[in-house]
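Shown next, in structure tokens, is the structure this report addresses.
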Amino acid sequence: MSAKIIDGKQLANTIRQDIKKEVEHLQTKGVTPGLAVILVGDNQASRTYVANKEKACKQLGMKSVLIELPATIDEQTLLTKIVELNNDASIHGILVQLPLPKHISEKKVIETISPEKDVDGFHPINIGRMMTGQDAFLPCTPFGILKMIQSTNIDVTGKHVVVIGRSNIVGKPVGQLFLNENATVTYCHSKTTDLASYTRQADILICAIGKAKFVTEEYVKEGAVVIDVGMSRDENGKLCGDVDFESVQDKSSFITPVPGGVGPMTITMLMYNTLKSAAKEI
Ligand SMILES: Nc1nc(=O)c2c([nH]1)NC[C@@H]1CN(c3ccc(C(=O)N[C@@H](CCC(=O)O)C(=O)O)cc3)C=[N+]21
């Protein structure tokens, strides 16, 4: 079997058209959704993501504010800046780009962002709301992955979803999200013994490991859906994911590419969350 590619870029564009219409509707009511992005320090990868977010905001008619702070900034100054944005009525979403320099507590930063403006869905209040099935800001990458699966028309109910990776921003919440959709979820990670024995049982395999081309065809069941959350560089410096695309492509039914897969969907769901936050005003 040769896999169908889930084109994240194309799906992102389709969803963005709907978001754009909603933004225009809000504007007729006098509300322009506003997203503030805080970038601490200088890092090329972070810069690319931030530039993509700014571009998406412009494209959708949202206000975007970029706050660049030096890596040497003290924690208190950053927290004060966040509180300022919490109190700024023109800002509906606040994103502090992670990771942060070591002298700054990510926990304190995340917990200072108002849960009502936490468009990343990283605040414990939003995580708790998601876990208990309440209305919440869903974390953008897991949310984007769910949208990608839904775009294939596969019913997730009763399917075995295997997640490799247990980070707070992808692995853990993506499993929870699929559990909420009535999937059976297995978490694997770096300490899992005999990883392939689990991943070969997956109807949907979500790879959020952070190791270039780690997942080869031996890890995949014939006909599985394979989602690649990785963002690495291969031996030639080319952008690649956690999945060895060439090896896995013929065994899976659907597969996501890198680039052009999960990445553009992450940004789109961030836009969606910002819109949702702004829509609460009317
Ligand atoms: N508070 C916070 N929220 C985040 O959402 C967050 C973060 N911190 N820190 C870093 C990660 C990473 N991330 C990406 C988003 C889009 C692409 C993306 O659009 N990638 C493009 C290509 C990028 C390229 O060409 O380099 C693609 O896959 O096609 C990638 C990575 C958001 N993150």
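Identifiers in the structure tokens: chain A, B, ... in order shown; residue index from 1 per chain; ligand index from 1 in order shown.
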
Near-ligand residues for ligand 1, threshold 10 Å, only C-alpha atoms and all ligand atoms, as a ChimeraX atom specification:
/A:7-9,37-39,44-53,94-100,106,110,118-122,139-141,169-170,228-233,238-241,256-270

Mind writing the picked residues with C-alpha atoms as a CSV table (one decimal), in the first residue's frame?
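As written to disk, again_15.csv reads:
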```csv
chain,number,residue,atom,x,y,z
A,7,ASP,CA,-1.3,17.8,3.5
A,8,GLY,CA,-1.0,20.0,6.6
A,9,LYS,CA,-0.4,23.1,4.6
A,37,VAL,CA,4.2,36.8,21.3
A,38,ILE,CA,7.0,37.1,23.7
A,39,LEU,CA,10.4,36.0,22.5
A,44,GLN,CA,17.1,30.9,14.8
A,45,ALA,CA,14.5,28.2,15.1
A,46,SER,CA,12.4,30.3,17.5
A,47,ARG,CA,12.7,33.2,15.0
A,48,THR,CA,11.2,31.1,12.2
A,49,TYR,CA,8.2,30.0,14.2
A,50,VAL,CA,7.6,33.5,15.4
A,51,ALA,CA,7.9,34.9,11.9
A,52,ASN,CA,5.4,32.2,10.7
A,53,LYS,CA,2.9,33.3,13.5
A,94,ILE,CA,-0.5,35.6,25.0
A,95,LEU,CA,2.2,33.2,23.9
A,96,VAL,CA,5.7,33.0,25.5
A,97,GLN,CA,7.9,31.1,23.2
A,98,LEU,CA,9.5,28.0,24.9
A,99,PRO,CA,12.0,27.0,25.9
A,100,LEU,CA,13.1,29.9,28.1
A,106,GLU,CA,8.7,28.1,32.9
A,110,ILE,CA,2.9,29.8,32.3
A,118,ASP,CA,-3.6,31.1,27.4
A,119,VAL,CA,-4.0,30.3,23.7
A,120,ASP,CA,-1.1,27.7,23.9
A,121,GLY,CA,-3.3,25.7,26.3
A,122,PHE,CA,-0.3,25.2,28.7
A,139,PRO,CA,-2.9,22.9,23.0
A,140,CYS,CA,-2.2,23.8,19.4
A,141,THR,CA,-0.1,20.8,18.2
A,169,ILE,CA,3.3,20.2,25.3
A,170,VAL,CA,2.7,17.4,22.8
A,228,ASP,CA,5.1,13.0,12.5
A,229,VAL,CA,5.5,15.7,15.1
A,230,GLY,CA,9.3,15.8,14.8
A,231,MET,CA,11.4,18.8,13.7
A,232,SER,CA,15.0,17.8,13.1
A,233,ARG,CA,17.7,18.2,10.5
A,238,LYS,CA,17.5,19.1,5.5
A,239,LEU,CA,14.4,19.6,7.7
A,240,CYS,CA,13.0,16.2,8.6
A,241,GLY,CA,10.8,14.5,11.2
A,256,THR,CA,2.1,13.5,7.5
A,257,PRO,CA,5.1,15.1,5.9
A,258,VAL,CA,7.7,17.3,7.5
A,259,PRO,CA,7.7,20.2,6.6
A,260,GLY,CA,4.2,20.9,5.5
A,261,GLY,CA,2.4,18.6,8.0
A,262,VAL,CA,1.9,19.2,11.7
A,263,GLY,CA,3.8,22.6,11.8
A,264,PRO,CA,1.4,24.7,9.7
A,265,MET,CA,-1.5,23.1,11.6
A,266,THR,CA,0.0,24.1,15.0
A,267,ILE,CA,0.1,27.7,13.9
A,268,THR,CA,-3.5,27.5,12.5
A,269,MET,CA,-4.9,26.2,15.8
A,270,LEU,CA,-3.1,29.1,17.6
```

If you count only C-alpha atoms, which residues fall within 10 Å of Lys280 in chain A, apart from same-chain ones fewer than 5 positions away, as a VMD selection string?
chain A and resid 92 116 275

Residue set, range 63-236 of chain A restricted to helix (DSSP H, G or I), as a PyMOL selection string:
chain A and resi 75-86+106-112+115-117+124-131+140-150+171-180+195-199+217-219

Skip Thr132 in chain A itself and residues of its chain fewer than 5 positions away, then list as a VMD selection string all residues within 10 Å of it, counting only C-alpha atoms.
chain A and resid 126 to 127 176 180

Create the file for the chosen residues now, containing C-alpha atoms and written as a short mmCIF file (atom, residue, chain, number, x, y, z; two decimals), in the first residue's frame.
```cif
data_model
loop_
_atom_site.label_atom_id
_atom_site.label_comp_id
_atom_site.auth_asym_id
_atom_site.auth_seq_id
_atom_site.Cartn_x
_atom_site.Cartn_y
_atom_site.Cartn_z
CA ASN A 126 -6.63 24.67 30.77
CA ILE A 127 -4.93 21.29 31.09
CA GLN A 176 -5.64 12.90 26.45
CA ASN A 180 -11.64 12.24 24.93
#
```

Expected answer as a ChimeraX atom specification: strand (DSSP E or B) residues in range 12-218 of chain A
/A:34-40,63-69,93-96,160-164,184-188,204-207,215

Could the residues in this selection be written to a file with N, CA and C atoms, as a tab-separated table (two decimals), in the first residue's frame?
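See result16.tsv below for the written result:
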```tsv
chain	number	residue	atom	x	y	z
A	34	GLY	N	-6.34	39.95	18.93
A	34	GLY	CA	-4.94	40.36	19.08
A	34	GLY	C	-4.11	39.29	19.78
A	35	LEU	N	-2.97	38.97	19.20
A	35	LEU	CA	-2.06	37.97	19.77
A	35	LEU	C	-0.73	38.63	20.11
A	36	ALA	N	-0.27	38.42	21.34
A	36	ALA	CA	1.06	38.90	21.74
A	36	ALA	C	2.00	37.71	21.85
A	37	VAL	N	3.14	37.81	21.20
A	37	VAL	CA	4.15	36.76	21.28
A	37	VAL	C	5.39	37.35	21.95
A	38	ILE	N	5.84	36.68	23.00
A	38	ILE	CA	7.05	37.12	23.69
A	38	ILE	C	8.18	36.16	23.34
A	39	LEU	N	9.25	36.74	22.83
A	39	LEU	CA	10.43	35.95	22.46
A	39	LEU	C	11.59	36.40	23.35
A	40	VAL	N	12.09	35.48	24.15
A	40	VAL	CA	13.20	35.81	25.04
A	40	VAL	C	14.48	35.24	24.46
A	63	LYS	N	-4.49	41.33	14.90
A	63	LYS	CA	-3.41	42.17	15.39
A	63	LYS	C	-2.33	41.27	15.98
A	64	SER	N	-1.08	41.58	15.66
A	64	SER	CA	0.00	40.78	16.22
A	64	SER	C	1.06	41.68	16.81
A	65	VAL	N	1.42	41.39	18.05
A	65	VAL	CA	2.42	42.19	18.75
A	65	VAL	C	3.58	41.28	19.10
A	66	LEU	N	4.76	41.64	18.67
A	66	LEU	CA	5.95	40.84	19.00
A	66	LEU	C	6.78	41.60	20.03
A	67	ILE	N	7.04	40.93	21.15
A	67	ILE	CA	7.85	41.55	22.20
A	67	ILE	C	9.14	40.76	22.31
A	68	GLU	N	10.23	41.40	21.93
A	68	GLU	CA	11.53	40.73	21.96
A	68	GLU	C	12.30	41.20	23.19
A	69	LEU	N	12.73	40.26	23.99
A	69	LEU	CA	13.46	40.58	25.22
A	69	LEU	C	14.81	39.87	25.19
A	93	GLY	N	-4.75	36.86	23.17
A	93	GLY	CA	-3.92	35.68	23.34
A	93	GLY	C	-2.48	36.07	23.66
A	94	ILE	N	-1.87	35.32	24.60
A	94	ILE	CA	-0.47	35.58	24.97
A	94	ILE	C	0.30	34.27	24.79
A	95	LEU	N	1.39	34.33	24.06
A	95	LEU	CA	2.24	33.16	23.87
A	95	LEU	C	3.67	33.55	24.24
A	96	VAL	N	4.24	32.83	25.18
A	96	VAL	CA	5.66	33.03	25.50
A	96	VAL	C	6.39	31.85	24.88
A	160	HIS	N	-6.83	2.18	18.36
A	160	HIS	CA	-5.67	2.18	19.27
A	160	HIS	C	-4.70	3.27	18.83
A	161	VAL	N	-4.58	4.29	19.65
A	161	VAL	CA	-3.63	5.38	19.40
A	161	VAL	C	-2.40	5.14	20.25
A	162	VAL	N	-1.25	5.04	19.64
A	162	VAL	CA	0.00	4.91	20.40
A	162	VAL	C	0.79	6.20	20.23
A	163	VAL	N	1.15	6.80	21.36
A	163	VAL	CA	1.92	8.04	21.36
A	163	VAL	C	3.34	7.71	21.78
A	164	ILE	N	4.32	8.11	20.99
A	164	ILE	CA	5.71	8.00	21.44
A	164	ILE	C	6.15	9.40	21.85
A	184	THR	N	-8.50	4.22	22.37
A	184	THR	CA	-7.72	3.52	23.40
A	184	THR	C	-6.29	4.01	23.25
A	185	VAL	N	-5.72	4.54	24.33
A	185	VAL	CA	-4.43	5.24	24.19
A	185	VAL	C	-3.32	4.55	24.96
A	186	THR	N	-2.19	4.37	24.31
A	186	THR	CA	-0.98	3.85	24.95
A	186	THR	C	0.12	4.89	24.82
A	187	TYR	N	0.79	5.16	25.95
A	187	TYR	CA	1.94	6.08	25.92
A	187	TYR	C	3.24	5.28	25.97
A	188	CYS	N	4.14	5.59	25.05
A	188	CYS	CA	5.49	5.02	25.09
A	188	CYS	C	6.49	6.17	25.20
A	204	ILE	N	-3.25	4.30	14.96
A	204	ILE	CA	-2.76	5.67	14.75
A	204	ILE	C	-1.49	5.81	15.59
A	205	LEU	N	-0.38	6.11	14.94
A	205	LEU	CA	0.90	6.22	15.64
A	205	LEU	C	1.34	7.67	15.61
A	206	ILE	N	1.48	8.26	16.81
A	206	ILE	CA	1.86	9.67	16.91
A	206	ILE	C	3.30	9.75	17.41
A	207	CYS	N	4.17	10.29	16.59
A	207	CYS	CA	5.60	10.28	16.87
A	207	CYS	C	6.06	11.66	17.30
A	215	VAL	N	11.63	6.49	13.47
A	215	VAL	CA	10.56	5.50	13.23
A	215	VAL	C	10.66	4.95	11.81
```

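Between CA of Ala71 in chain A and CA of Ser105 in chain A lies a distance of 13.2 Å.
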
For Ala183 in chain A, please output as a list of chain:residue names all residues within 9 Å (counting only C-alpha atoms; exclusion window: fewer than 6 positions along the same chain).
A:Val156, A:Thr157, A:Gly158, A:Lys159, A:His160, A:Val161, A:Gly175

Long-range neighbours of Lys107 in chain A as a PyMOL selection string, 10 Å cut-off, only C-alpha atoms, 5 positions minimum in chain:
chain A and resi 112+122-124

Go ahead and save the picked residues with C-alpha atoms, as a PDB file, in the first residue's frame.
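Written out: again-v9.pdb:
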```pdb
ATOM      1  CA  THR A 112       1.205  34.031  35.264  1.00  0.00           C
ATOM      2  CA  PHE A 122      -0.294  25.241  28.651  1.00  0.00           C
ATOM      3  CA  HIS A 123      -1.775  26.689  31.879  1.00  0.00           C
ATOM      4  CA  PRO A 124      -2.682  24.019  34.475  1.00  0.00           C
TER       5      PRO A 124
END
```

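Put simply, CA of Ile104 in chain A is 18.9 Å away from CA of Ser167 in chain A.
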
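Candidate residues A:Ile154, A:Val31, A:Ala196, A:Ile125 were compared for distance to Phe137 in chain A, and the nearest is A:Ile125, using only C-alpha atoms.
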
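Of the listed residues A:Met271, A:Leu11, A:Leu177, A:Ile209, the one whose atoms come nearest to Gln59 in chain A is A:Met271, with distances taken using only C-alpha atoms.
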